[in-house]
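**Q** Pasting in a structure now, in structure tokens, and then I'll have a few things to ask.
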Amino acid sequence: MVKNIPIYLIFGFIILPVVMVIWISFFSTQLITFPPKGYSVHWYTDLLEHSDFLGSFFLSLKVSFFAMILSLILGLLGSIALIRFQFKGKKFLELLFLSPLIVPTIITGIAIYVFLYNFERWSNMDLVPSAWSLILAHVIISIPWTVRLISAGLQSISPSLEEAAIDLGSTRFKAFCDIVLPNLRPSIIAAGILSFIHSFNNLEISLMLVSPGETTLPIEILNYVFWKVDPLIAAVSTVQIILIGILMWIANRFIKISKVF
């Protein structure tokens, strides 16, 4: 028990800011003081009347959903290529898929913006800022999560199962759909949830590519704290923490994330 004290201290240090945010969200007064003068839940009801937060929340949901779907499709195809086939440049392709985890997100956002801006000037197309350019950028930063998790799931499925089905008269595509996909479903669900969370929480990419008059939830939170800090922003953060916590719990139910990363 004594040997584990440093671990408990580190864990407590990490979790303390989360506990403080949740605690502050129940303060009754707008001015944050310690000790608090009282407790109330009216900040959560005020969120329903705050159109800026609601609009940014639903925009983040929309962007994250489409980014999740596209990154799952590309991640599945990429994982099949990396796990099931041998070809020149395979190692480079694997590093390319995982590179958004290495490069700082703000650098990735600037690079995507510069590329799309130059391509827009060359093609005379309206690319930045736009909703689709934002979704495309979120797909790029979400792909590493889908490729890593789906690849881990594919590695645990023996190719001999597909070969046996093909020997019995099935086509390769039908064997993949009937045998591989059902066994791969937990990895796909977990990959989708993690890519959704990563997209939903992203700030740097969204700052570069968000359309005028529209903000995602992380940007709206940043804009709000520029002017004031009160329990309302803590309530928003608490809702975000709870949502992400539930999604992470669901993802961990399908695949033990600690064994993959």
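Please note that chains go A, B, ... in the order of the structure tokens, that every chain numbers its residues from 1, and that ligands are numbered from 1 in the order shown.
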Got a sec: who's within 8 Å of stretch 222-239 of chain A, counting only C-alpha atoms, leaving out chain neighbours fewer than 6 positions off, as a list of chain:residue names?
**A**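 These residues fall inside the cut-off: A:Val21, A:Ile22, A:Ile24, A:Ser25, A:Phe26, A:Phe27, A:Thr29, A:Gln30, A:Leu31, A:Ile32, A:Trp43, A:Tyr44, A:Asp46, A:Leu47.
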**Q** Those same residues, written as a short mmCIF file (atom, residue, chain, number, x, y, z; two decimals), in the first residue's frame with N, CA and C atoms?
**A**
```
data_model
loop_
_atom_site.label_atom_id
_atom_site.label_comp_id
_atom_site.auth_asym_id
_atom_site.auth_seq_id
_atom_site.Cartn_x
_atom_site.Cartn_y
_atom_site.Cartn_z
N VAL A 21 -13.24 21.71 -11.69
CA VAL A 21 -14.17 22.24 -12.69
C VAL A 21 -15.59 21.81 -12.37
N ILE A 22 -15.77 20.53 -12.04
CA ILE A 22 -17.10 20.02 -11.70
C ILE A 22 -17.64 20.70 -10.44
N ILE A 24 -16.84 23.74 -9.24
CA ILE A 24 -17.15 25.14 -9.52
C ILE A 24 -18.46 25.29 -10.28
N SER A 25 -18.80 24.30 -11.10
CA SER A 25 -20.02 24.40 -11.90
C SER A 25 -21.28 24.44 -11.04
N PHE A 26 -21.16 24.08 -9.76
CA PHE A 26 -22.32 24.10 -8.87
C PHE A 26 -22.32 25.31 -7.94
N PHE A 27 -21.38 26.24 -8.11
CA PHE A 27 -21.38 27.45 -7.29
C PHE A 27 -22.61 28.28 -7.62
N THR A 29 -22.98 31.64 -7.02
CA THR A 29 -22.69 33.02 -7.40
C THR A 29 -21.85 33.07 -8.67
N GLN A 30 -22.01 34.18 -9.42
CA GLN A 30 -21.25 34.34 -10.66
C GLN A 30 -19.77 34.54 -10.38
N LEU A 31 -19.47 35.22 -9.30
CA LEU A 31 -18.07 35.42 -8.92
C LEU A 31 -17.57 34.18 -8.19
N ILE A 32 -16.49 33.62 -8.69
CA ILE A 32 -15.94 32.40 -8.11
C ILE A 32 -15.12 32.75 -6.87
N TRP A 43 -26.80 27.03 -13.39
CA TRP A 43 -25.90 27.24 -14.52
C TRP A 43 -26.14 26.22 -15.62
N TYR A 44 -26.56 25.04 -15.24
CA TYR A 44 -26.86 24.01 -16.24
C TYR A 44 -28.16 24.34 -16.99
N ASP A 46 -29.17 27.36 -17.43
CA ASP A 46 -28.84 28.53 -18.26
C ASP A 46 -28.21 28.12 -19.59
N LEU A 47 -27.57 26.96 -19.62
CA LEU A 47 -26.96 26.50 -20.86
C LEU A 47 -28.00 26.31 -21.97
#
```
**Q** Hey, what's within 9 Å of stretch 105-107 of chain A if we count only C-alpha atoms and toss same-chain stuff fewer than 6 positions away? As a list in words, please?
**A** Ile141, Asn202, Leu203, Glu204, Ile205 and Met208 of chain A
**Q** Please run DSSP on the backbone and report, as a ChimeraX atom specification, all residues within stretch 109-151 of chain A that come out as alpha helix (DSSP H).
**A** /A:109-123,131-151
**Q** List as a count of residues only the protein and nucleic acid residues near A:Leu209, meaning an atom at most 12 Å away when only C-alpha atoms are counted, but skip any in the same chain fewer than 5 places from it.
**A** 31
**Q** Got a sec: who's within 12 Å of A:Gln240, counting only C-alpha atoms, leaving out chain neighbours fewer than 6 positions off, as an mmCIF file with all heavy atoms, in the first residue's frame?
**A**
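The resulting around.cif:
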```
data_model
loop_
_atom_site.group_PDB
_atom_site.id
_atom_site.type_symbol
_atom_site.label_atom_id
_atom_site.label_comp_id
_atom_site.auth_asym_id
_atom_site.auth_seq_id
_atom_site.Cartn_x
_atom_site.Cartn_y
_atom_site.Cartn_z
ATOM 1 N N VAL A 18 -10.052 18.326 -12.974
ATOM 2 C CA VAL A 18 -11.386 17.877 -13.381
ATOM 3 C C VAL A 18 -12.361 18.013 -12.218
ATOM 4 O O VAL A 18 -13.494 18.493 -12.381
ATOM 5 C CB VAL A 18 -11.332 16.411 -13.882
ATOM 6 C CG1 VAL A 18 -12.732 15.918 -14.228
ATOM 7 C CG2 VAL A 18 -10.408 16.289 -15.078
ATOM 8 N N VAL A 21 -13.237 21.713 -11.685
ATOM 9 C CA VAL A 21 -14.172 22.239 -12.690
ATOM 10 C C VAL A 21 -15.592 21.806 -12.369
ATOM 11 O O VAL A 21 -16.543 22.611 -12.416
ATOM 12 C CB VAL A 21 -13.761 21.768 -14.099
ATOM 13 C CG1 VAL A 21 -14.875 22.055 -15.109
ATOM 14 C CG2 VAL A 21 -12.473 22.463 -14.538
ATOM 15 N N ILE A 22 -15.768 20.531 -12.042
ATOM 16 C CA ILE A 22 -17.102 20.021 -11.704
ATOM 17 C C ILE A 22 -17.636 20.704 -10.443
ATOM 18 O O ILE A 22 -18.815 21.075 -10.369
ATOM 19 C CB ILE A 22 -17.059 18.491 -11.525
ATOM 20 C CG1 ILE A 22 -16.656 17.822 -12.842
ATOM 21 C CG2 ILE A 22 -18.408 17.966 -11.050
ATOM 22 C CD1 ILE A 22 -16.458 16.327 -12.737
ATOM 23 N N PHE A 53 -23.525 28.630 -27.155
ATOM 24 C CA PHE A 53 -23.005 27.328 -26.745
ATOM 25 C C PHE A 53 -23.772 26.192 -27.417
ATOM 26 O O PHE A 53 -23.173 25.193 -27.834
ATOM 27 C CB PHE A 53 -23.057 27.177 -25.235
ATOM 28 C CG PHE A 53 -21.917 27.842 -24.523
ATOM 29 C CD1 PHE A 53 -22.154 28.763 -23.518
ATOM 30 C CD2 PHE A 53 -20.608 27.557 -24.858
ATOM 31 C CE1 PHE A 53 -21.101 29.386 -22.861
ATOM 32 C CE2 PHE A 53 -19.549 28.175 -24.212
ATOM 33 C CZ PHE A 53 -19.797 29.094 -23.210
ATOM 34 N N PHE A 57 -22.124 23.591 -29.971
ATOM 35 C CA PHE A 57 -22.178 22.177 -29.598
ATOM 36 C C PHE A 57 -22.697 21.326 -30.751
ATOM 37 O O PHE A 57 -22.099 20.292 -31.090
ATOM 38 C CB PHE A 57 -23.071 22.012 -28.367
ATOM 39 C CG PHE A 57 -23.281 20.585 -27.942
ATOM 40 C CD1 PHE A 57 -22.289 19.917 -27.245
ATOM 41 C CD2 PHE A 57 -24.458 19.924 -28.245
ATOM 42 C CE1 PHE A 57 -22.479 18.593 -26.860
ATOM 43 C CE2 PHE A 57 -24.650 18.610 -27.860
ATOM 44 C CZ PHE A 57 -23.656 17.946 -27.169
ATOM 45 N N SER A 60 -20.133 21.141 -33.544
ATOM 46 C CA SER A 60 -19.078 20.187 -33.211
ATOM 47 C C SER A 60 -19.558 18.754 -33.407
ATOM 48 O O SER A 60 -18.807 17.897 -33.900
ATOM 49 C CB SER A 60 -18.614 20.386 -31.761
ATOM 50 O OG SER A 60 -17.923 21.598 -31.614
ATOM 51 N N LEU A 61 -20.810 18.488 -33.033
ATOM 52 C CA LEU A 61 -21.372 17.154 -33.246
ATOM 53 C C LEU A 61 -21.415 16.804 -34.730
ATOM 54 O O LEU A 61 -21.046 15.687 -35.121
ATOM 55 C CB LEU A 61 -22.778 17.071 -32.648
ATOM 56 C CG LEU A 61 -22.919 16.972 -31.135
ATOM 57 C CD1 LEU A 61 -24.390 16.885 -30.753
ATOM 58 C CD2 LEU A 61 -22.166 15.770 -30.593
ATOM 59 N N ILE A 197 -14.163 11.583 -30.466
ATOM 60 C CA ILE A 197 -13.703 12.369 -29.321
ATOM 61 C C ILE A 197 -12.568 13.294 -29.722
ATOM 62 O O ILE A 197 -12.542 14.479 -29.350
ATOM 63 C CB ILE A 197 -13.260 11.425 -28.181
ATOM 64 C CG1 ILE A 197 -14.466 10.684 -27.604
ATOM 65 C CG2 ILE A 197 -12.541 12.206 -27.075
ATOM 66 C CD1 ILE A 197 -14.095 9.614 -26.601
ATOM 67 N N PHE A 200 -14.030 16.088 -31.756
ATOM 68 C CA PHE A 200 -14.911 16.935 -30.956
ATOM 69 C C PHE A 200 -14.116 17.889 -30.068
ATOM 70 O O PHE A 200 -14.533 19.020 -29.824
ATOM 71 C CB PHE A 200 -15.825 16.057 -30.102
ATOM 72 C CG PHE A 200 -16.909 16.799 -29.383
ATOM 73 C CD1 PHE A 200 -18.087 17.130 -30.031
ATOM 74 C CD2 PHE A 200 -16.759 17.168 -28.051
ATOM 75 C CE1 PHE A 200 -19.097 17.820 -29.380
ATOM 76 C CE2 PHE A 200 -17.758 17.851 -27.388
ATOM 77 C CZ PHE A 200 -18.934 18.183 -28.056
ATOM 78 N N ASN A 201 -12.972 17.446 -29.578
ATOM 79 C CA ASN A 201 -12.170 18.254 -28.657
ATOM 80 C C ASN A 201 -11.165 19.157 -29.357
ATOM 81 O O ASN A 201 -10.493 19.952 -28.693
ATOM 82 C CB ASN A 201 -11.408 17.352 -27.683
ATOM 83 C CG ASN A 201 -12.294 16.843 -26.564
ATOM 84 O OD1 ASN A 201 -13.299 17.455 -26.244
ATOM 85 N ND2 ASN A 201 -11.927 15.730 -25.985
ATOM 86 N N LEU A 217 -17.449 23.989 -30.366
ATOM 87 C CA LEU A 217 -17.543 24.151 -28.909
ATOM 88 C C LEU A 217 -16.212 24.558 -28.268
ATOM 89 O O LEU A 217 -16.200 25.471 -27.431
ATOM 90 C CB LEU A 217 -18.077 22.863 -28.268
ATOM 91 C CG LEU A 217 -18.337 22.932 -26.759
ATOM 92 C CD1 LEU A 217 -19.340 24.015 -26.437
ATOM 93 C CD2 LEU A 217 -18.813 21.580 -26.244
ATOM 94 N N PRO A 218 -15.073 23.937 -28.607
ATOM 95 C CA PRO A 218 -13.810 24.395 -28.001
ATOM 96 C C PRO A 218 -13.504 25.860 -28.300
ATOM 97 O O PRO A 218 -12.992 26.575 -27.430
ATOM 98 C CB PRO A 218 -12.759 23.462 -28.632
ATOM 99 C CG PRO A 218 -13.521 22.232 -28.981
ATOM 100 C CD PRO A 218 -14.869 22.718 -29.411
ATOM 101 N N ILE A 221 -15.806 28.066 -26.152
ATOM 102 C CA ILE A 221 -15.317 28.104 -24.773
ATOM 103 C C ILE A 221 -14.143 29.068 -24.662
ATOM 104 O O ILE A 221 -14.057 29.868 -23.711
ATOM 105 C CB ILE A 221 -14.903 26.688 -24.317
ATOM 106 C CG1 ILE A 221 -16.146 25.794 -24.180
ATOM 107 C CG2 ILE A 221 -14.149 26.735 -22.993
ATOM 108 C CD1 ILE A 221 -15.832 24.351 -23.856
ATOM 109 N N ILE A 233 -19.081 28.531 -17.578
ATOM 110 C CA ILE A 233 -18.067 27.867 -18.395
ATOM 111 C C ILE A 233 -17.654 26.544 -17.762
ATOM 112 O O ILE A 233 -17.318 25.578 -18.452
ATOM 113 C CB ILE A 233 -16.849 28.798 -18.605
ATOM 114 C CG1 ILE A 233 -16.020 28.336 -19.799
ATOM 115 C CG2 ILE A 233 -15.991 28.875 -17.370
ATOM 116 C CD1 ILE A 233 -16.733 28.456 -21.114
ATOM 117 N N ALA A 234 -17.705 26.484 -16.429
ATOM 118 C CA ALA A 234 -17.424 25.225 -15.742
ATOM 119 C C ALA A 234 -18.521 24.207 -16.019
ATOM 120 O O ALA A 234 -18.251 23.007 -16.155
ATOM 121 C CB ALA A 234 -17.278 25.461 -14.240
ATOM 122 N N ILE A 246 -18.295 9.105 -20.881
ATOM 123 C CA ILE A 246 -19.228 8.038 -21.278
ATOM 124 C C ILE A 246 -18.759 7.363 -22.560
ATOM 125 O O ILE A 246 -18.770 6.124 -22.670
ATOM 126 C CB ILE A 246 -20.653 8.615 -21.458
ATOM 127 C CG1 ILE A 246 -21.221 9.064 -20.106
ATOM 128 C CG2 ILE A 246 -21.580 7.577 -22.100
ATOM 129 C CD1 ILE A 246 -22.542 9.794 -20.215
ATOM 130 N N LEU A 247 -18.317 8.155 -23.526
ATOM 131 C CA LEU A 247 -17.835 7.590 -24.788
ATOM 132 C C LEU A 247 -16.585 6.734 -24.586
ATOM 133 O O LEU A 247 -16.446 5.667 -25.188
ATOM 134 C CB LEU A 247 -17.557 8.715 -25.791
ATOM 135 C CG LEU A 247 -18.785 9.466 -26.315
ATOM 136 C CD1 LEU A 247 -18.353 10.619 -27.220
ATOM 137 C CD2 LEU A 247 -19.712 8.527 -27.077
#
```
**Q** Please measure the separation of atom CA of A:Lys90 and atom CA of A:Ala165, giving the value in Å to one decimal.
**A**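 Distance reported for this atom pair: 27.1 Å.
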**Q** Just checking: using only C-alpha atoms, which residue out of A:Leu161, A:Leu9, A:Ala152, A:Ile242 ends up closest to A:Pro186?
**A**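 For A:Pro186, the nearest of the candidates is A:Ala152.
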